[in-house]
$ cat upload25.txt   # compact mmCIF, C-alpha atoms and all ligand atoms
# COMPACT_ATOMS: atom_id res chain seq x y z
CA MET A 1 -17.84 -36.16 -167.84
CA THR A 2 -18.41 -33.55 -165.13
CA GLY A 3 -20.08 -33.51 -161.76
CA ARG A 4 -19.06 -37.00 -160.69
CA VAL A 5 -18.70 -35.80 -157.08
CA ALA A 6 -20.95 -32.74 -157.35
CA GLY A 7 -22.41 -31.57 -154.06
CA LYS A 8 -19.82 -33.43 -151.99
CA VAL A 9 -17.22 -32.03 -149.59
CA ALA A 10 -13.75 -33.60 -149.78
CA LEU A 11 -11.28 -33.35 -146.91
CA VAL A 12 -7.85 -34.01 -148.45
CA MET A 13 -5.02 -34.65 -145.97
CA GLY A 14 -1.65 -33.85 -147.56
CA ALA A 15 -3.21 -31.81 -150.36
CA GLY A 16 -0.01 -30.01 -151.26
CA SER A 17 3.13 -31.28 -152.87
CA ILE A 18 6.71 -31.30 -151.59
CA GLY A 19 8.03 -29.76 -154.78
CA PRO A 20 7.05 -28.12 -158.04
CA GLY A 21 4.87 -30.26 -160.28
CA TRP A 22 2.02 -32.62 -159.56
CA GLY A 23 2.03 -34.70 -156.38
CA ASN A 24 -0.70 -37.27 -155.80
CA GLY A 25 -2.49 -35.22 -153.13
CA LYS A 26 -2.46 -32.03 -155.19
CA ALA A 27 -3.78 -33.86 -158.27
CA ILE A 28 -6.47 -35.64 -156.22
CA ALA A 29 -7.67 -32.33 -154.73
CA VAL A 30 -7.78 -30.65 -158.15
CA ARG A 31 -9.46 -33.64 -159.85
CA LEU A 32 -12.17 -33.87 -157.16
CA ALA A 33 -12.82 -30.13 -157.53
CA GLN A 34 -12.99 -30.43 -161.32
CA GLU A 35 -15.76 -32.97 -160.81
CA GLY A 36 -17.76 -30.72 -158.51
CA ALA A 37 -16.50 -31.35 -154.98
CA ARG A 38 -15.78 -28.52 -152.59
CA VAL A 39 -12.32 -29.23 -151.23
CA PHE A 40 -10.85 -28.67 -147.76
CA ALA A 41 -7.10 -28.91 -148.42
CA VAL A 42 -4.96 -29.71 -145.36
CA ASP A 43 -1.18 -29.62 -145.36
CA GLN A 44 1.56 -28.90 -142.83
CA ASN A 45 3.04 -26.57 -145.42
CA SER A 46 0.66 -23.62 -145.72
CA ASP A 47 2.23 -22.45 -149.01
CA ALA A 48 1.66 -25.89 -150.55
CA ALA A 49 -1.99 -25.92 -149.41
CA ALA A 50 -2.43 -22.35 -150.73
CA GLU A 51 -1.02 -23.38 -154.11
CA THR A 52 -3.59 -26.19 -154.36
CA ARG A 53 -6.35 -23.73 -153.46
CA ALA A 54 -5.13 -21.30 -156.13
CA LEU A 55 -5.10 -24.06 -158.78
CA ILE A 56 -8.66 -25.08 -157.88
CA GLU A 57 -9.92 -21.49 -157.83
CA ALA A 58 -8.26 -20.80 -161.19
CA ASP A 59 -10.29 -23.75 -162.51
CA GLY A 60 -13.50 -22.20 -161.13
CA GLY A 61 -13.72 -24.55 -158.15
CA GLU A 62 -14.07 -24.00 -154.41
CA CYS A 63 -11.29 -24.79 -151.94
CA ILE A 64 -10.26 -23.83 -148.43
CA ALA A 65 -6.59 -24.21 -147.51
CA HIS A 66 -5.78 -25.15 -143.92
CA ARG A 67 -2.42 -25.64 -142.20
CA ALA A 68 -2.13 -28.55 -139.77
CA ASP A 69 0.43 -31.13 -138.71
CA ALA A 70 -1.63 -34.29 -139.06
CA THR A 71 0.53 -36.21 -136.58
CA VAL A 72 -0.92 -34.02 -133.79
CA ALA A 73 -4.38 -35.05 -132.62
CA GLU A 74 -5.56 -31.56 -131.65
CA GLN A 75 -4.54 -30.17 -135.03
CA VAL A 76 -6.41 -32.91 -136.89
CA ARG A 77 -9.48 -32.36 -134.71
CA GLY A 78 -9.12 -28.65 -135.49
CA ALA A 79 -8.97 -29.33 -139.23
CA VAL A 80 -12.08 -31.52 -139.11
CA ASP A 81 -13.95 -28.89 -137.06
CA ALA A 82 -12.84 -26.13 -139.46
CA CYS A 83 -14.01 -28.19 -142.43
CA MET A 84 -17.42 -28.67 -140.79
CA ASP A 85 -17.66 -24.98 -139.85
CA SER A 86 -16.77 -23.74 -143.33
CA LEU A 87 -18.19 -26.37 -145.68
CA GLY A 88 -20.75 -28.11 -143.44
CA ALA A 89 -19.95 -31.75 -144.26
CA ILE A 90 -17.28 -34.39 -144.86
CA ASP A 91 -18.41 -36.76 -147.61
CA ILE A 92 -14.95 -37.77 -148.82
CA LEU A 93 -11.75 -38.19 -146.78
CA VAL A 94 -8.47 -38.72 -148.63
CA ASN A 95 -5.47 -39.85 -146.56
CA ASN A 96 -2.53 -39.03 -148.84
CA ILE A 97 0.21 -38.10 -146.35
CA GLY A 98 3.30 -40.29 -146.57
CA ILE A 99 7.09 -40.30 -146.41
CA GLY A 100 9.76 -42.87 -147.12
CA GLU A 101 13.09 -43.26 -145.32
CA ALA A 102 15.78 -45.63 -146.55
CA GLY A 103 16.92 -48.66 -144.62
CA GLY A 104 16.40 -52.32 -143.82
CA VAL A 105 15.82 -53.70 -140.34
CA VAL A 106 19.45 -53.21 -139.27
CA GLU A 107 20.06 -49.74 -140.73
CA THR A 108 16.74 -48.17 -139.72
CA SER A 109 17.08 -46.15 -136.52
CA GLU A 110 14.36 -46.23 -133.88
CA GLU A 111 13.73 -42.52 -134.52
CA SER A 112 13.28 -43.11 -138.25
CA TRP A 113 10.94 -46.07 -137.63
CA ASP A 114 8.80 -43.99 -135.24
CA ARG A 115 8.75 -40.97 -137.58
CA VAL A 116 7.65 -42.98 -140.63
CA PHE A 117 4.89 -44.75 -138.69
CA GLU A 118 3.71 -41.43 -137.22
CA VAL A 119 3.52 -39.74 -140.61
CA ASN A 120 2.22 -42.68 -142.65
CA LEU A 121 -0.10 -44.48 -140.24
CA LYS A 122 -0.92 -42.25 -137.28
CA THR A 123 -2.07 -39.44 -139.57
CA MET A 124 -4.56 -41.82 -141.18
CA PHE A 125 -5.72 -43.06 -137.77
CA LEU A 126 -6.29 -39.52 -136.48
CA ALA A 127 -8.06 -38.25 -139.60
CA CYS A 128 -10.39 -41.25 -139.57
CA LYS A 129 -10.91 -40.99 -135.81
CA PHE A 130 -12.26 -37.44 -136.11
CA ALA A 131 -13.92 -37.60 -139.55
CA VAL A 132 -15.80 -40.91 -139.18
CA PRO A 133 -18.24 -39.59 -136.51
CA GLN A 134 -19.15 -36.77 -138.93
CA MET A 135 -19.74 -39.27 -141.72
CA GLN A 136 -21.81 -41.43 -139.39
CA SER A 137 -24.02 -38.50 -138.46
CA GLN A 138 -24.40 -37.56 -142.15
CA GLY A 139 -25.40 -41.12 -143.11
CA GLY A 140 -22.31 -42.17 -145.04
CA GLY A 141 -19.11 -41.25 -146.81
CA SER A 142 -16.10 -42.51 -148.71
CA ILE A 143 -12.56 -42.81 -147.35
CA VAL A 144 -9.72 -43.19 -149.84
CA ASN A 145 -6.31 -44.12 -148.47
CA ILE A 146 -3.08 -43.80 -150.44
CA SER A 147 -0.76 -46.70 -149.68
CA SER A 148 1.88 -48.14 -152.02
CA LEU A 149 2.80 -51.15 -154.11
CA ALA A 150 5.66 -51.47 -151.59
CA SER A 151 3.06 -52.60 -149.01
CA ILE A 152 2.65 -55.93 -150.81
CA ARG A 153 5.85 -56.35 -152.87
CA TRP A 154 9.59 -55.88 -152.56
CA GLY A 155 10.10 -52.40 -153.98
CA GLY A 156 13.63 -52.77 -155.34
CA LYS A 157 15.23 -50.71 -152.55
CA LYS A 158 15.37 -51.12 -148.75
CA LEU A 159 12.38 -49.20 -147.36
CA LEU A 160 11.36 -51.37 -144.42
CA SER A 161 9.43 -48.85 -142.32
CA TYR A 162 7.69 -47.47 -145.41
CA ALA A 163 6.56 -50.93 -146.54
CA ALA A 164 5.42 -51.97 -143.04
CA SER A 165 3.52 -48.74 -142.34
CA LYS A 166 1.80 -48.87 -145.74
CA ALA A 167 0.81 -52.49 -145.07
CA GLY A 168 -0.78 -51.16 -141.88
CA MET A 169 -2.85 -48.78 -143.98
CA ASN A 170 -4.10 -51.69 -146.08
CA GLN A 171 -5.28 -53.69 -143.07
CA MET A 172 -6.81 -50.63 -141.39
CA THR A 173 -8.72 -50.15 -144.64
CA ARG A 174 -10.12 -53.70 -144.60
CA VAL A 175 -11.05 -53.61 -140.92
CA MET A 176 -12.68 -50.19 -141.18
CA ALA A 177 -14.54 -51.22 -144.35
CA VAL A 178 -16.29 -54.02 -142.47
CA GLU A 179 -16.75 -52.07 -139.25
CA HIS A 180 -18.33 -49.09 -141.01
CA ALA A 181 -20.27 -50.77 -143.82
CA PRO A 182 -23.46 -50.50 -141.69
CA ASP A 183 -22.76 -46.73 -141.48
CA LYS A 184 -22.63 -46.57 -145.30
CA ILE A 185 -19.01 -45.46 -145.06
CA ARG A 186 -16.88 -47.10 -147.76
CA VAL A 187 -13.15 -47.46 -147.13
CA ASN A 188 -10.71 -48.32 -149.91
CA VAL A 189 -6.99 -48.08 -150.48
CA ILE A 190 -5.00 -47.24 -153.60
CA LEU A 191 -1.60 -48.88 -154.13
CA PRO A 192 0.34 -46.66 -156.55
CA GLY A 193 3.35 -48.23 -158.24
CA LEU A 194 6.09 -46.02 -159.66
CA ILE A 195 4.62 -42.55 -160.05
CA ALA A 196 6.47 -39.53 -161.44
CA THR A 197 5.64 -37.08 -158.65
CA PRO A 198 8.15 -34.71 -157.00
CA MET A 199 8.08 -37.05 -154.00
CA GLY A 200 8.48 -40.22 -156.05
CA LEU A 201 11.40 -38.79 -158.00
CA SER A 202 13.26 -37.60 -154.90
CA ALA A 203 12.45 -40.07 -152.08
CA PRO A 204 14.56 -43.22 -151.78
CA GLY A 205 13.25 -45.87 -154.16
CA VAL A 206 13.43 -47.16 -157.71
CA THR A 207 11.89 -44.03 -159.23
CA SER A 208 14.47 -41.73 -157.66
CA GLY A 209 17.22 -43.68 -159.45
CA LEU A 210 15.88 -42.82 -162.91
CA ALA A 211 17.73 -40.29 -165.07
CA HIS A 212 14.48 -38.51 -166.02
CA GLU A 213 10.73 -38.86 -165.51
CA ALA A 214 10.35 -41.78 -167.95
CA LEU A 215 6.72 -41.06 -168.72
CA GLU A 216 7.01 -42.05 -172.38
CA GLU A 217 6.07 -45.57 -173.41
CA GLY A 218 9.11 -47.62 -174.42
CA ASP A 219 11.60 -45.79 -172.22
CA PRO A 220 14.36 -48.36 -171.63
CA GLN A 221 14.61 -47.37 -167.96
CA THR A 222 11.08 -48.60 -167.32
CA SER A 223 11.02 -51.69 -169.53
CA PHE A 224 10.44 -53.74 -166.36
CA VAL A 225 6.98 -52.13 -165.97
CA PRO A 226 4.51 -54.06 -168.18
CA ILE A 227 2.84 -50.85 -169.42
CA GLY A 228 6.32 -49.49 -170.19
CA HIS A 229 6.40 -46.15 -168.40
CA LEU A 230 5.91 -44.48 -165.02
CA GLY A 231 2.48 -43.42 -163.87
CA SER A 232 1.54 -39.80 -163.28
CA ALA A 233 -0.27 -38.21 -160.34
CA TRP A 234 -3.37 -38.06 -162.57
CA ASP A 235 -3.49 -41.85 -162.76
CA VAL A 236 -3.70 -41.93 -158.96
CA ALA A 237 -6.15 -38.99 -158.91
CA ASN A 238 -8.52 -40.66 -161.38
CA ALA A 239 -8.55 -43.83 -159.27
CA ALA A 240 -9.26 -41.76 -156.15
CA LEU A 241 -12.06 -39.92 -157.96
CA TYR A 242 -13.73 -43.22 -158.87
CA LEU A 243 -13.51 -44.61 -155.32
CA ALA A 244 -14.71 -41.31 -153.85
CA SER A 245 -17.71 -41.11 -156.17
CA ASP A 246 -21.05 -42.91 -155.98
CA GLU A 247 -19.96 -44.89 -159.06
CA ALA A 248 -18.10 -47.05 -156.51
CA ARG A 249 -21.12 -47.40 -154.21
CA TYR A 250 -20.72 -51.24 -154.09
CA VAL A 251 -16.94 -51.13 -153.69
CA THR A 252 -15.42 -51.26 -150.22
CA GLY A 253 -12.38 -52.80 -148.57
CA ILE A 254 -10.41 -53.11 -151.82
CA GLU A 255 -6.76 -52.53 -152.67
CA LEU A 256 -6.74 -50.82 -156.07
CA LEU A 257 -3.37 -51.21 -157.78
CA VAL A 258 -2.38 -48.29 -160.00
CA ASP A 259 0.96 -49.67 -161.09
CA GLY A 260 1.05 -50.34 -164.84
CA GLY A 261 0.92 -54.07 -164.11
CA LEU A 262 4.12 -54.09 -162.04
CA ALA A 263 2.65 -56.19 -159.19
CA THR A 264 1.93 -59.01 -161.62
CA THR A 265 5.60 -59.42 -162.55
CA LEU A 266 7.71 -61.83 -160.55
CA VAL A 267 10.89 -59.80 -160.20
CA ALA A 268 11.58 -56.23 -159.19
CA ARG A 269 14.51 -54.48 -160.87
CA ALA A 270 17.77 -55.26 -159.09
CA ASP A 271 19.80 -52.36 -157.65
N1 LIG B 301 5.18 -40.99 -156.02
C1 LIG B 301 5.23 -42.30 -155.94
O1 LIG B 301 5.96 -42.97 -156.69
C2 LIG B 301 4.37 -42.99 -154.92
C3 LIG B 301 4.26 -44.37 -155.03
C4 LIG B 301 3.48 -45.04 -154.10
C5 LIG B 301 2.82 -44.35 -153.12
N2 LIG B 301 2.95 -43.01 -153.02
C6 LIG B 301 2.25 -42.33 -151.92
O2 LIG B 301 1.55 -41.20 -152.38
C7 LIG B 301 1.40 -40.30 -151.28
C8 LIG B 301 1.83 -38.88 -151.53
O3 LIG B 301 2.36 -38.65 -152.72
P1 LIG B 301 2.58 -37.13 -153.10
O4 LIG B 301 3.23 -37.16 -154.41
O5 LIG B 301 1.31 -36.37 -152.93
O6 LIG B 301 3.66 -36.68 -151.98
P2 LIG B 301 4.07 -35.24 -151.50
O7 LIG B 301 5.13 -35.47 -150.47
O8 LIG B 301 4.40 -34.36 -152.65
O9 LIG B 301 2.75 -34.66 -150.83
C9 LIG B 301 2.39 -34.99 -149.54
C10 LIG B 301 2.01 -33.73 -148.81
O10 LIG B 301 1.78 -34.12 -147.46
C11 LIG B 301 2.27 -33.10 -146.63
N3 LIG B 301 2.57 -33.64 -145.31
C12 LIG B 301 3.61 -34.41 -144.95
N4 LIG B 301 3.56 -34.66 -143.64
C13 LIG B 301 2.46 -34.02 -143.15
C14 LIG B 301 1.88 -33.89 -141.86
N5 LIG B 301 2.42 -34.46 -140.79
N6 LIG B 301 0.75 -33.15 -141.73
C15 LIG B 301 0.19 -32.54 -142.81
N7 LIG B 301 0.71 -32.63 -144.05
C16 LIG B 301 1.83 -33.36 -144.22
C17 LIG B 301 3.51 -32.56 -147.33
O11 LIG B 301 3.79 -31.23 -146.92
C18 LIG B 301 3.12 -32.67 -148.79
O12 LIG B 301 2.61 -31.45 -149.30
C19 LIG B 301 2.25 -40.81 -150.16
O13 LIG B 301 1.45 -41.41 -149.20
C20 LIG B 301 3.16 -41.78 -150.86
O14 LIG B 301 3.64 -42.77 -149.98
C21 LIG B 301 3.71 -42.32 -153.91
$ encode --input "upload25.txt" --output "C-alpha cells" --more "lines below"
Ligand SMILES: NC(=O)c1ccc[n+]([C@@H]2O[C@H](COP(=O)([O-])OP(=O)(O)OC[C@H]3O[C@@H](n4cnc5c(N)ncnc54)[C@H](O)[C@@H]3O)[C@@H](O)[C@H]2O)c1
Amino acid sequence: MTGRVAGKVALVMGAGSIGPGWGNGKAIAVRLAQEGARVFAVDQNSDAAAETRALIEADGGECIAHRADATVAEQVRGAVDACMDSLGAIDILVNNIGIGEAGGVVETSEESWDRVFEVNLKTMFLACKFAVPQMQSQGGGSIVNISSLASIRWGGKKLLSYAASKAGMNQMTRVMAVEHAPDKIRVNVILPGLIATPMGLSAPGVTSGLAHEALEEGDPQTSFVPIGHLGSAWDVANAALYLASDEARYVTGIELLVDGGLATTLVARAD
C-alpha cells in the first residue's frame, strides 16, 4: 500500500539514530516518507538528521534536516517555525527523543534524574507546546509519542528515571488526547518492548545484555518474549505510521504496545 499519509507534513523529533543501523526515529521518518509524507527531521546531531534526509531522498521522498537541541525552548520554537516556513504545515508530530541512564532510587544522582526528565519529557512538552497551536489553526493533527514498556512494567534492570519519565509521557498523552479532541488533534503513545536498535543494544537494559541482535525466532536469549525474538525499528515505525494516518481517525489516548507480547507475561528475565 502507498500513500497512507500522502499530502501530510510530519515533524519528527529525534529523527536520527545514535549509531549505525536503524533507530526508531530514523525508521519512522523513512516509513512516513515512503507513504507520502513530507518529513521535517529534527535532531541535535546534524549528521544524523542529514543521514535520514539522504535515505528519504534516495527513496524519492522529500525531507528537510534541521539541527536543534529539543530541551531548549527557543530551539524547538525555531524548529516548528522552520517547518512551517519550509513545508507550510504540521499534520503529524512524532516525539521520539529518549535516553536511559542506569540506577535505582539510591544510585541515581540528581543530575542524572534531571537530565533524563529533560530529554525524555521536557522535549515532548516543548514540541507539543509549539506544534499544537499550528495543528489547531490547521483544524487537526496526529501526535505520536514514543514511550516504553518500562513505563508500565519492571524492565529487568534498574532504570528508575527512564521508567518514571516514560510514565509521564503516557499520562501527558491521555490528558492531551482529551484536551485536544475538540481540536481534532489525536494523541497516542507507543510502548516499544525490546527493540534491536543501536540505542536499545547499547543503553542500559535487558537488550544491551544480549550477545547479538536476537532477531531470529527461537533464539534462546529471547525465549522469555512470547513471540520469541526482539522487535526491529520497523515494527515501531509501522505502528507509528498507523497512528499518524487517517486509518486511526477514531483512535486517541491509547497506549499501543509493540512488545511481542512481553507485557502479558508475569515475570521479567532476572539479571
Ligand atoms: N530500542 C529499544 O529497545 C527501545 C525500547 C523502548 C523504547 N524506546 C524508545 O525509542 C526512542 C528512540 O529510539 P531510537 O532507537 O530512535 O534512539 P536513538 O538514540 O538512536 O535516536 C534518538 C535520536 O534523538 C536524538 N536526540 C537525543 N537528544 C536530543 C535532543 N535533546 N534534541 C534533539 N535530538 C535529540 C539523538 O541524537 C538520536 O539521533 C526513545 O524514546 C527510546 O526510549 C526504545
$ residues_around --input "upload25.txt" --residues "Thr108 of chain A" --least-positions-apart "4" --cutoff "9 Å" --atoms "only C-alpha atoms" --output "MDAnalysis selection string"
chainID A and resid 101:104 112:113 159:161
$ closest_atom_pairs --input "upload25.txt" --of "chain A" --to "ligand LIG 301 (chain B)" --cutoff "7 Å" --atoms "all atoms listed in the file" --output "JSON lines"
{"residue": "A:Met13", "atom": "CA", "partner": "B:LIG301", "partner_atom": "N7", "distance": 6.4}
{"residue": "A:Gly14", "atom": "CA", "partner": "B:LIG301", "partner_atom": "O10", "distance": 3.4}
{"residue": "A:Ala15", "atom": "CA", "partner": "B:LIG301", "partner_atom": "C10", "distance": 5.8}
{"residue": "A:Gly16", "atom": "CA", "partner": "B:LIG301", "partner_atom": "O12", "distance": 3.6}
{"residue": "A:Ser17", "atom": "CA", "partner": "B:LIG301", "partner_atom": "O8", "distance": 3.3}
{"residue": "A:Ile18", "atom": "CA", "partner": "B:LIG301", "partner_atom": "O8", "distance": 4.0}
{"residue": "A:Gly19", "atom": "CA", "partner": "B:LIG301", "partner_atom": "O8", "distance": 6.2}
{"residue": "A:Trp22", "atom": "CA", "partner": "B:LIG301", "partner_atom": "O4", "distance": 7.0}
{"residue": "A:Gly23", "atom": "CA", "partner": "B:LIG301", "partner_atom": "O4", "distance": 3.4}
{"residue": "A:Asn24", "atom": "CA", "partner": "B:LIG301", "partner_atom": "O5", "distance": 3.6}
{"residue": "A:Gly25", "atom": "CA", "partner": "B:LIG301", "partner_atom": "O5", "distance": 4.0}
{"residue": "A:Lys26", "atom": "CA", "partner": "B:LIG301", "partner_atom": "O5", "distance": 6.2}
{"residue": "A:Val42", "atom": "CA", "partner": "B:LIG301", "partner_atom": "C15", "distance": 6.4}
{"residue": "A:Asp43", "atom": "CA", "partner": "B:LIG301", "partner_atom": "N7", "distance": 3.8}
{"residue": "A:Gln44", "atom": "CA", "partner": "B:LIG301", "partner_atom": "C15", "distance": 3.9}
{"residue": "A:Asn45", "atom": "CA", "partner": "B:LIG301", "partner_atom": "O11", "distance": 5.0}
{"residue": "A:Ala48", "atom": "CA", "partner": "B:LIG301", "partner_atom": "O12", "distance": 5.8}
{"residue": "A:Ala68", "atom": "CA", "partner": "B:LIG301", "partner_atom": "C15", "distance": 5.5}
{"residue": "A:Asp69", "atom": "CA", "partner": "B:LIG301", "partner_atom": "N6", "distance": 3.6}
{"residue": "A:Ala70", "atom": "CA", "partner": "B:LIG301", "partner_atom": "N6", "distance": 3.8}
{"residue": "A:Thr71", "atom": "CA", "partner": "B:LIG301", "partner_atom": "N5", "distance": 4.9}
{"residue": "A:Asn96", "atom": "CA", "partner": "B:LIG301", "partner_atom": "O13", "distance": 4.7}
{"residue": "A:Ile97", "atom": "CA", "partner": "B:LIG301", "partner_atom": "O10", "distance": 4.4}
{"residue": "A:Gly98", "atom": "CA", "partner": "B:LIG301", "partner_atom": "O13", "distance": 3.4}
{"residue": "A:Ile99", "atom": "CA", "partner": "B:LIG301", "partner_atom": "O14", "distance": 5.5}
{"residue": "A:Gly100", "atom": "CA", "partner": "B:LIG301", "partner_atom": "O14", "distance": 6.8}
{"residue": "A:Val119", "atom": "CA", "partner": "B:LIG301", "partner_atom": "N5", "distance": 5.4}
{"residue": "A:Asn120", "atom": "CA", "partner": "B:LIG301", "partner_atom": "O13", "distance": 6.7}
{"residue": "A:Thr123", "atom": "CA", "partner": "B:LIG301", "partner_atom": "N5", "distance": 6.8}
{"residue": "A:Ile146", "atom": "CA", "partner": "B:LIG301", "partner_atom": "O13", "distance": 5.3}
{"residue": "A:Ser147", "atom": "CA", "partner": "B:LIG301", "partner_atom": "C5", "distance": 5.5}
{"residue": "A:Ser148", "atom": "CA", "partner": "B:LIG301", "partner_atom": "C5", "distance": 4.1}
{"residue": "A:Leu149", "atom": "CA", "partner": "B:LIG301", "partner_atom": "C4", "distance": 6.1}
{"residue": "A:Leu191", "atom": "CA", "partner": "B:LIG301", "partner_atom": "C4", "distance": 6.4}
{"residue": "A:Pro192", "atom": "CA", "partner": "B:LIG301", "partner_atom": "C4", "distance": 4.3}
{"residue": "A:Gly193", "atom": "CA", "partner": "B:LIG301", "partner_atom": "C3", "distance": 5.1}
{"residue": "A:Leu194", "atom": "CA", "partner": "B:LIG301", "partner_atom": "O1", "distance": 4.3}
{"residue": "A:Ile195", "atom": "CA", "partner": "B:LIG301", "partner_atom": "O1", "distance": 3.6}
{"residue": "A:Ala196", "atom": "CA", "partner": "B:LIG301", "partner_atom": "N1", "distance": 5.8}
{"residue": "A:Thr197", "atom": "CA", "partner": "B:LIG301", "partner_atom": "N1", "distance": 4.7}
{"residue": "A:Pro198", "atom": "CA", "partner": "B:LIG301", "partner_atom": "O8", "distance": 5.8}
{"residue": "A:Met199", "atom": "CA", "partner": "B:LIG301", "partner_atom": "O8", "distance": 4.8}
{"residue": "A:Gly200", "atom": "CA", "partner": "B:LIG301", "partner_atom": "N1", "distance": 3.4}
{"residue": "A:Leu201", "atom": "CA", "partner": "B:LIG301", "partner_atom": "N1", "distance": 6.9}
{"residue": "A:Thr207", "atom": "CA", "partner": "B:LIG301", "partner_atom": "O1", "distance": 6.5}
{"residue": "A:Ala233", "atom": "CA", "partner": "B:LIG301", "partner_atom": "O4", "distance": 7.0}
$ residues_near_point --input "upload25.txt" --point "(-20.2, -40.3, -158.0)" --cutoff "12 Å" --atoms "only C-alpha atoms" --output "short mmCIF file (atom, residue, chain, number, x, y, z; two decimals) with C-alpha atoms, in the frame of the given file"
data_model
loop_
_atom_site.label_atom_id
_atom_site.label_comp_id
_atom_site.auth_asym_id
_atom_site.auth_seq_id
_atom_site.Cartn_x
_atom_site.Cartn_y
_atom_site.Cartn_z
CA MET A 1 -17.84 -36.16 -167.84
CA THR A 2 -18.41 -33.55 -165.13
CA GLY A 3 -20.08 -33.51 -161.76
CA ARG A 4 -19.06 -37.00 -160.69
CA VAL A 5 -18.70 -35.80 -157.08
CA ALA A 6 -20.95 -32.74 -157.35
CA GLY A 7 -22.41 -31.57 -154.06
CA LYS A 8 -19.82 -33.43 -151.99
CA LEU A 32 -12.17 -33.87 -157.16
CA GLU A 35 -15.76 -32.97 -160.81
CA GLY A 36 -17.76 -30.72 -158.51
CA ALA A 37 -16.50 -31.35 -154.98
CA ASP A 91 -18.41 -36.76 -147.61
CA ILE A 92 -14.95 -37.77 -148.82
CA GLY A 141 -19.11 -41.25 -146.81
CA SER A 142 -16.10 -42.51 -148.71
CA ALA A 240 -9.26 -41.76 -156.15
CA LEU A 241 -12.06 -39.92 -157.96
CA TYR A 242 -13.73 -43.22 -158.87
CA LEU A 243 -13.51 -44.61 -155.32
CA ALA A 244 -14.71 -41.31 -153.85
CA SER A 245 -17.71 -41.11 -156.17
CA ASP A 246 -21.05 -42.91 -155.98
CA GLU A 247 -19.96 -44.89 -159.06
CA ALA A 248 -18.10 -47.05 -156.51
CA ARG A 249 -21.12 -47.40 -154.21
CA TYR A 250 -20.72 -51.24 -154.09
#
$ closest_residue --input "upload25.txt" --among "A:Lys184, A:His229, A:Lys122, A:Arg31" --to "Gly168 of chain A" --atoms "all atoms listed in the file"
A:Lys122
$ residues_around --input "upload25.txt" --residues "Gly218 of chain A" --least-positions-apart "6" --cutoff "10 Å" --atoms "all atoms listed in the file" --output "PyMOL selection string"
chain A and resi 225+227-229
$ atom_distance --input "upload25.txt" --atom1 "atom CA of Pro226 of chain A" --atom2 "atom CA of Gly260 of chain A"
6.1 Å
$ residues_around --input "upload25.txt" --residues "Pro133 of chain A" --least-positions-apart "6" --cutoff "10 Å" --atoms "only C-alpha atoms" --output "CSV table (one decimal) with C-alpha atoms, in the frame of the given file"
chain,number,residue,atom,x,y,z
A,90,ILE,CA,-17.3,-34.4,-144.9
A,139,GLY,CA,-25.4,-41.1,-143.1
A,140,GLY,CA,-22.3,-42.2,-145.0
A,183,ASP,CA,-22.8,-46.7,-141.5
$ residues_near_point --input "upload25.txt" --point "(4.9, -54.8, -147.3)" --cutoff "6 Å" --atoms "all atoms listed in the file" --output "list in words"
Ala150, Ser151, Ile152, Arg153, Ala163, Ala164 and Ala167 of chain A
$ closest_residue --input "upload25.txt" --among "A:Ala237, A:Ile64, A:Glu118, A:Asp59" --to "Phe40 of chain A" --atoms "only C-alpha atoms"
A:Ile64
$ atom_distance --input "upload25.txt" --atom1 "atom CA of Val175 of chain A" --atom2 "atom CA of Phe117 of chain A"
18.4 Å
$ atom_distance --input "upload25.txt" --atom1 "atom CA of Ala181 of chain A" --atom2 "atom CA of Ile254 of chain A"
12.9 Å
$ closest_residue --input "upload25.txt" --among "A:Val39, A:Val116, A:Val94, A:Ala54" --to "Cys128 of chain A" --atoms "only C-alpha atoms"
A:Val94
$ closest_residue --input "upload25.txt" --among "A:Arg38, A:Thr252, A:Gly261, A:Gln221" --to "His180 of chain A" --atoms "all atoms listed in the file"
A:Thr252
$ axis_aligned_box --input "upload25.txt" --around "segment 228-244 of chain A" --padding-each-side "4 Å" --output "lines of an AutoDock Vina configuration file"
center_x = -4.2
center_y = -43.8
center_z = -162.0
size_x = 29.1
size_y = 19.4
size_z = 24.3
$ residues_around --input "upload25.txt" --residues "Asn145 of chain A" --least-positions-apart "3" --cutoff "8 Å" --atoms "all atoms listed in the file" --output "tab-separated table (two decimals) with C-alpha atoms, in the frame of the given file"
chain	number	residue	atom	x	y	z
A	94	VAL	CA	-8.47	-38.72	-148.63
A	95	ASN	CA	-5.47	-39.85	-146.56
A	96	ASN	CA	-2.53	-39.03	-148.84
A	124	MET	CA	-4.56	-41.82	-141.18
A	169	MET	CA	-2.85	-48.78	-143.98
A	173	THR	CA	-8.72	-50.15	-144.64
A	187	VAL	CA	-13.15	-47.46	-147.13
A	188	ASN	CA	-10.71	-48.32	-149.91
A	189	VAL	CA	-6.99	-48.08	-150.48
A	190	ILE	CA	-5.00	-47.24	-153.60
$ build_atoms --input "upload25.txt" --residues "segment 23-29 of chain A" --atoms "N, CA and C atoms" --output "PDB file, in the coordinates of the input"
ATOM      1  N   GLY A  23       2.020 -33.600-157.331  1.00  0.00           N
ATOM      2  CA  GLY A  23       2.030 -34.700-156.380  1.00  0.00           C
ATOM      3  C   GLY A  23       0.668 -35.372-156.419  1.00  0.00           C
ATOM      4  N   ASN A  24       0.572 -36.536-155.794  1.00  0.00           N
ATOM      5  CA  ASN A  24      -0.700 -37.270-155.800  1.00  0.00           C
ATOM      6  C   ASN A  24      -1.798 -36.482-155.086  1.00  0.00           C
ATOM      7  N   GLY A  25      -1.465 -35.927-153.910  1.00  0.00           N
ATOM      8  CA  GLY A  25      -2.490 -35.220-153.130  1.00  0.00           C
ATOM      9  C   GLY A  25      -2.994 -33.987-153.843  1.00  0.00           C
ATOM     10  N   LYS A  26      -2.073 -33.246-154.456  1.00  0.00           N
ATOM     11  CA  LYS A  26      -2.460 -32.030-155.190  1.00  0.00           C
ATOM     12  C   LYS A  26      -3.370 -32.402-156.370  1.00  0.00           C
ATOM     13  N   ALA A  27      -2.974 -33.438-157.108  1.00  0.00           N
ATOM     14  CA  ALA A  27      -3.780 -33.860-158.270  1.00  0.00           C
ATOM     15  C   ALA A  27      -5.145 -34.388-157.833  1.00  0.00           C
ATOM     16  N   ILE A  28      -5.182 -35.123-156.713  1.00  0.00           N
ATOM     17  CA  ILE A  28      -6.470 -35.640-156.220  1.00  0.00           C
ATOM     18  C   ILE A  28      -7.392 -34.470-155.859  1.00  0.00           C
ATOM     19  N   ALA A  29      -6.851 -33.489-155.131  1.00  0.00           N
ATOM     20  CA  ALA A  29      -7.670 -32.330-154.730  1.00  0.00           C
ATOM     21  C   ALA A  29      -8.217 -31.605-155.956  1.00  0.00           C
TER      22      ALA A  29
END
